[in-house]
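Written below as structure tokens is the structure these notes are about.
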Amino acid sequence: MKPSVHGLGRNRLLGQNLLMKFTVVHYGDPILRQRGVRIESVDETLRGTIAGMFDTMYQSNGIGLAAQQVGLALQLAVIDVRGVKDRASQLWISGQPADVDAFMPLVLINPTIRPVGEAVVGPEGCLSFPEIYGDVCRPAEVEVRGINDRNESFEFKAGGLLARAIQHEVDHLNGVLFIDRMDSKNRSEVRDEVDTLQTATKKQLKRK
Ligand code: ZN
């Protein structure tokens with residue numbers, strides 16, 4: 001996910017040797033519609049992929065990135081909301097409020113979510129849709145389960161921007177995109193830009 005309010009200048013490598021180099025896949029590439037395969041083992045290769053995804057996300061000033069966006073259909077996403085200071089996030093662990101920044105960066109492997117709370121409208125962007133932004137309605141809070149890059153299972157509840165980012169990324173893992181979640185008015189406002197992007201991406205894929 002890319003915040004529509006720009007706020008991230010962070011470029012933080014996670015000191016792995018196996019760092020993979022990726023470019024972000026744009027809308028029009030069929031991989032973005034593929035459901036991610038469940039990850040069976042968290043090994044060094046996967047950690048190299050994760051480090052590469054964080055590198056790509058920070059370089060692109062994003063706050064979330066799904067494996068599909070780097071051409072891999074896996075149940076894997078990375079998130080870091082620390083760079084955004086003007087949109088609040090909340091976190092609860094075992095029902096207790098917890099420090100969001102201390103919980104970042106966040107690796108979600110095989111995540112399952114249960115959205116809770118009232119639906120709220122908020123602006124969203126996506127690294128696979130450069131310069132395209134729109135309002136999306138999503139539940140304000142979400143309960144999350146999954147495993148991290150140390151193969152530990154986790155469970156927490158998120159609110160605010162973090163809840164929005166998690167729902168956006170987990171959608172990617174199921175081949176669902178933020179334009180699918182827009183209401184018809186917001187969707188029609190970006191239709192031309194989205195169509196232009198799709199055509200350009202398909203042309204580029206043909207040339208390869
Ligand atoms: Zn996205």
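Ordering of the structure tokens sets the chain letters (A, B, ...); residue numbers start at 1 within each chain; ligands are numbered from 1 in the order shown.
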Which of chain A DSSP labels alpha helix (DSSP H), written as JSON, numbers by chain: {"A": [44, 45, 46, 47, 48, 49, 50, 51, 52, 53, 54, 55, 56, 57, 58, 59, 160, 161, 162, 163, 164, 165, 166, 167, 168, 169, 170, 171, 172, 173, 178, 179, 180, 181, 184, 185, 186, 187, 188, 189, 190, 191, 192, 193, 194, 195, 196, 197, 198, 199, 200, 201, 202, 203, 204, 205, 206, 207]}
Neighbouring residues of ligand 1 are defined here as those with any atom at most 8 Å from a ligand atom, counting only C-alpha atoms and all ligand atoms; list them as an MDAnalysis selection string. chainID A and resid 1:2 64:66 69 125:129 168:169 172 177:178
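CA of Leu32 (chain A) is positioned 28.5 Å from CA of Val100 (chain A).
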If we count only C-alpha atoms and set the cut-off at 12 Å, which residues sit around Leu173 (chain A), ignoring sequence neighbours fewer than 4 positions away in its own chain? Please answer as a ChimeraX atom specification. /A:31-39,65-78,108-113,166-169,177
Separation of CA of Gly146 (chain A) from CA of Asp86 (chain A), in Å and rounded to one decimal: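 Computing it gives 27.8 Å between the two atoms.
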Skipping near chain neighbours, those fewer than 5 positions away, what residues fall within 9 Å of region 47-50 of chain A using only C-alpha atoms, listed as a PyMOL selection string? chain A and resi 16-22+42+55+67+76-78+107+149-150
List every residue of region 11-207 of chain A that DSSP, applied to the backbone, labels as strand (DSSP E or B), and write the result as number ranges by chain. A: 37, 64-66, 74, 76-79, 89-93, 96-97, 106-126, 129-147, 153-159
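The residue that comes closest to Asp101 (chain A), out of A:Val136, A:Val176, A:Val24, A:Ala88 and on the basis of only C-alpha atoms, is A:Ala88.
The nearest approach to Gly52 (chain A) among the residues A:Asn151, A:Ser89, A:Ser188, A:Thr23, with only C-alpha atoms taken into account, belongs to A:Thr23.
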Region 196-208 of chain A surroundings by only C-alpha atoms, 10 Å radius, close-in-sequence under 4 positions cut, as a list in words: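 Counting only the stated atoms, we get Val25, His26, Tyr27, Gly28, Asp29, Pro30, Ser128, Phe129, Pro130, Ile132, Arg191 and Asp192 of chain A.
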Mind giving me the straight-line distance from CA of Ala165 (chain A) to CA of Val81 (chain A) in Å, one decimal? 8.2 Å
